[in-house]
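Taking it in order: structure first as structure tokens, then the write-up.
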Amino acid sequence: MQPLLSVILVNYNGEHFLEECFDSLFNSQTNFKFETLVLDNASQDQSLKKLRCYKDITLIENKVNVGFSRGNNICLKQAKGFYTLLLNTDTVLKQDSLQKMIDFMQNNPKVGALSPMLLNTDGSIQVQGSFLGSWRYYRKKACRISFICGACLLTKKDILDEIGGLDEHLFFYNDDIDFCKQLAKRKLPIYYFPDTQVIHHGGLSSKSRKADALLDGYKGSLYLCKKFYHPLIYVVYRLLMLVEASLKLAITQCLYCLKPKRFQEHKKAYVSIVTFLLKGVRL
């Protein structure tokens with residue numbers, strides 16, 4: 001029987017979160033069948049040892065880290081569900097989360113994607129995106145919104161196929177921004193769905209990759225600016241980013257002089273960031 005939903009997870013050094021995440025996923029109370037596809041991006045911890053213990057997942061073991069976007073796309077090629085849930089490994093679902101989200105999508109077939117209410121580890125509401133729109137995430141009823149986080153993002157497989165999957169130029173970070181903009185171009189509504197909550201511990205892969213994640217953030221945001229906005233806006237944005245990164249490099253250099261070991265990686269990252277911003281990005 002074909003599953004209604006494909007749950008896709010990309011893991012990188014997430015061993016400490018896997019058990020809690022999968023326990024919550026497989027304890028979900030649903031009246032439909034779902035499949036789980038997991039790609040491990042060459043983790044250096046004990047992730048694979050844990051993942052191999054789960055018999056109800058399709059496990060793909062990468063020999064190299066191909067990034068978050070490409071990792072999801074590899075799983076997407078094998079997904080059979082009508083709906084697709086992109087789920088971070090540092091999340092914890094409620095028992096009713098999958099059912100409520102699917103019910104909403106089925107009752108509102110024109111919706112392009114939705115995210116549940118995300119909670120921080122301490123139970124507080126996690127704001128998705130800019131603080132300027134943070135008030136939206138405190139609503140108690142489902143509402144249309146321009147951006148949702150990719151930590152727990154439900155959409156339709158045919159939408160992802162039409163878009164071509166996640167943009168693989170985005171190694172880590174900003175993939176959800178790109179996806180939401182692709183939905184907006186197609187006039188497909190995006191919804192925030194607070195009827196169910198999902199804990200998102202957050203920062204898992206960032207902590208594992210440290211300075212590399214910092215560089216990815218700058219690369220991704222500049223890439224998206226050039227992809228979606230006027231060339232003049234791109235030039236101004238790049239200049240502002242260069243000023244900001246240069247100031248942070250100067251501060252980091254001072255800190256490095258005081259504590260070389262602690263700030264060595266950040267110094268190297270900001271040197272790479274400034275160099276990248278001077279060269280610009282190509283589509």
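By convention in this document, the chains of the structure tokens carry letters A, B, ... by their order, each chain's residues are numbered from 1, and ligands are numbered from 1 in the order they are shown.
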
(request) Apply DSSP to the structure's backbone, then extract all residues of range 166-276 of chain A labelled strand (DSSP E or B) and return them as a PyMOL selection string. (result) chain A and resi 190-200

Restricting the output to N, CA and C atoms, write the selected residues as a compact mmCIF listing (two decimals), in the first residue's frame.
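Done, and the output landed in result_8.txt:
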```txt
# COMPACT_ATOMS: atom_id res chain seq x y z
N ILE A 190 1.25 29.66 2.15
CA ILE A 190 2.04 29.06 3.22
C ILE A 190 1.32 29.33 4.53
N TYR A 191 1.20 28.31 5.36
CA TYR A 191 0.44 28.47 6.60
C TYR A 191 1.25 28.12 7.83
N TYR A 192 1.01 28.90 8.86
CA TYR A 192 1.50 28.62 10.21
C TYR A 192 0.36 27.93 10.93
N PHE A 193 0.65 26.77 11.53
CA PHE A 193 -0.40 25.91 12.07
C PHE A 193 -0.14 25.61 13.55
N PRO A 194 -0.63 26.48 14.45
CA PRO A 194 -0.34 26.32 15.88
C PRO A 194 -1.23 25.31 16.61
N ASP A 195 -2.10 24.60 15.87
CA ASP A 195 -2.98 23.60 16.50
C ASP A 195 -2.19 22.44 17.10
N THR A 196 -0.97 22.26 16.66
CA THR A 196 -0.09 21.26 17.27
C THR A 196 1.30 21.85 17.40
N GLN A 197 2.07 21.34 18.34
CA GLN A 197 3.40 21.91 18.62
C GLN A 197 4.47 20.84 18.46
N VAL A 198 5.63 21.29 18.03
CA VAL A 198 6.79 20.42 17.86
C VAL A 198 7.99 21.09 18.52
N ILE A 199 8.67 20.36 19.38
CA ILE A 199 9.88 20.90 20.00
C ILE A 199 11.02 20.87 18.99
N HIS A 200 11.72 22.00 18.87
CA HIS A 200 12.89 22.08 18.00
C HIS A 200 14.06 22.57 18.84
```

(message) Can you pull out the residues contacting range 252-254 of chain A? Cut-off 9 Å, using only C-alpha atoms, and skip same-chain residues under 2 positions away; I want them as a PyMOL selection string.
(response) chain A and resi 247-250+256-259+263-264+266-267+270

(message) So that I can check the surroundings of His201 in chain A, please list as a ChimeraX atom specification every protein, DNA and RNA residue that reaches within 6 Å of it, counting only C-alpha atoms and ignoring chain neighbours fewer than 6 positions away.
(response) /A:90,120-121

(request) Go through A:Val66, A:Leu160, A:Leu76, A:Ala151 one by one, measure the shortest atom-to-atom distance of each to Gly112 in chain A using only C-alpha atoms, and give the residue with the smallest value. (result)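 Once distances to Gly112 in chain A are computed over only C-alpha atoms, the minimum belongs to A:Leu160.
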
(request) Determine, counting only C-alpha atoms, which protein, DNA and RNA residues have an atom within 9 Å of an atom of Leu87 in chain A; residues of the same chain fewer than 4 positions away are not included. Present the result as a list of chain:residue names. (result)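 Selected residues are A:Val7, A:Ile8, A:Leu9, A:Val10, A:Thr91, A:Gly150, A:Ala151, A:Cys152, A:Leu153, A:Leu154.
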
Would you save the residues from that selection as a PDB file, in the first residue's frame, using N, CA and C atoms?
```pdb
ATOM      1  N   VAL A   7       8.242  10.951   5.354  1.00  0.00           N
ATOM      2  CA  VAL A   7       8.983  11.781   6.310  1.00  0.00           C
ATOM      3  C   VAL A   7      10.465  11.674   5.963  1.00  0.00           C
ATOM      4  N   ILE A   8      11.093  12.810   5.695  1.00  0.00           N
ATOM      5  CA  ILE A   8      12.494  12.836   5.275  1.00  0.00           C
ATOM      6  C   ILE A   8      13.341  13.540   6.332  1.00  0.00           C
ATOM      7  N   LEU A   9      14.408  12.870   6.760  1.00  0.00           N
ATOM      8  CA  LEU A   9      15.333  13.450   7.727  1.00  0.00           C
ATOM      9  C   LEU A   9      16.749  13.339   7.206  1.00  0.00           C
ATOM     10  N   VAL A  10      17.519  14.402   7.334  1.00  0.00           N
ATOM     11  CA  VAL A  10      18.936  14.399   6.982  1.00  0.00           C
ATOM     12  C   VAL A  10      19.724  14.570   8.278  1.00  0.00           C
ATOM     13  N   THR A  91      14.182  17.424  16.521  1.00  0.00           N
ATOM     14  CA  THR A  91      12.795  17.782  16.807  1.00  0.00           C
ATOM     15  C   THR A  91      12.109  16.662  17.588  1.00  0.00           C
ATOM     16  N   GLY A 150      12.259  25.421   8.074  1.00  0.00           N
ATOM     17  CA  GLY A 150      12.366  24.087   7.498  1.00  0.00           C
ATOM     18  C   GLY A 150      12.561  22.979   8.508  1.00  0.00           C
ATOM     19  N   ALA A 151      12.508  23.284   9.798  1.00  0.00           N
ATOM     20  CA  ALA A 151      12.716  22.251  10.817  1.00  0.00           C
ATOM     21  C   ALA A 151      11.621  21.195  10.802  1.00  0.00           C
ATOM     22  N   CYS A 152      10.410  21.620  10.479  1.00  0.00           N
ATOM     23  CA  CYS A 152       9.270  20.695  10.386  1.00  0.00           C
ATOM     24  C   CYS A 152       8.326  21.296   9.347  1.00  0.00           C
ATOM     25  N   LEU A 153       8.569  20.971   8.095  1.00  0.00           N
ATOM     26  CA  LEU A 153       7.857  21.617   6.989  1.00  0.00           C
ATOM     27  C   LEU A 153       7.106  20.572   6.179  1.00  0.00           C
ATOM     28  N   LEU A 154       5.797  20.703   6.137  1.00  0.00           N
ATOM     29  CA  LEU A 154       4.944  19.764   5.406  1.00  0.00           C
ATOM     30  C   LEU A 154       4.490  20.379   4.093  1.00  0.00           C
TER      31      LEU A 154
END
```

(request) Taking the chain letters and numbering used in this document, name the residues of range 103-188 of chain A that DSSP puts in alpha helix (DSSP H), as an MDAnalysis selection string. (result) chainID A and resid 103:107 157:163 175:185

Surrounding residues of Val274 in chain A excluding itself and chain neighbours under 3 positions, 9 Å, only C-alpha atoms, as a CSV table (one decimal) with C-alpha atoms, in the first residue's frame:
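Just written: selection_29.csv:
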```csv
chain,number,residue,atom,x,y,z
A,241,MET,CA,27.4,42.5,4.4
A,242,LEU,CA,31.0,43.3,3.6
A,243,VAL,CA,31.1,46.2,6.1
A,245,ALA,CA,31.8,41.1,8.1
A,246,SER,CA,34.9,43.3,8.1
A,249,LEU,CA,36.8,40.2,11.5
A,269,ALA,CA,35.8,31.9,9.0
A,270,TYR,CA,35.6,35.7,8.8
A,271,VAL,CA,38.7,35.9,6.6
A,277,LEU,CA,32.1,38.9,-0.4
A,278,LEU,CA,34.8,40.8,-2.3
A,279,LYS,CA,34.5,38.2,-5.1
```
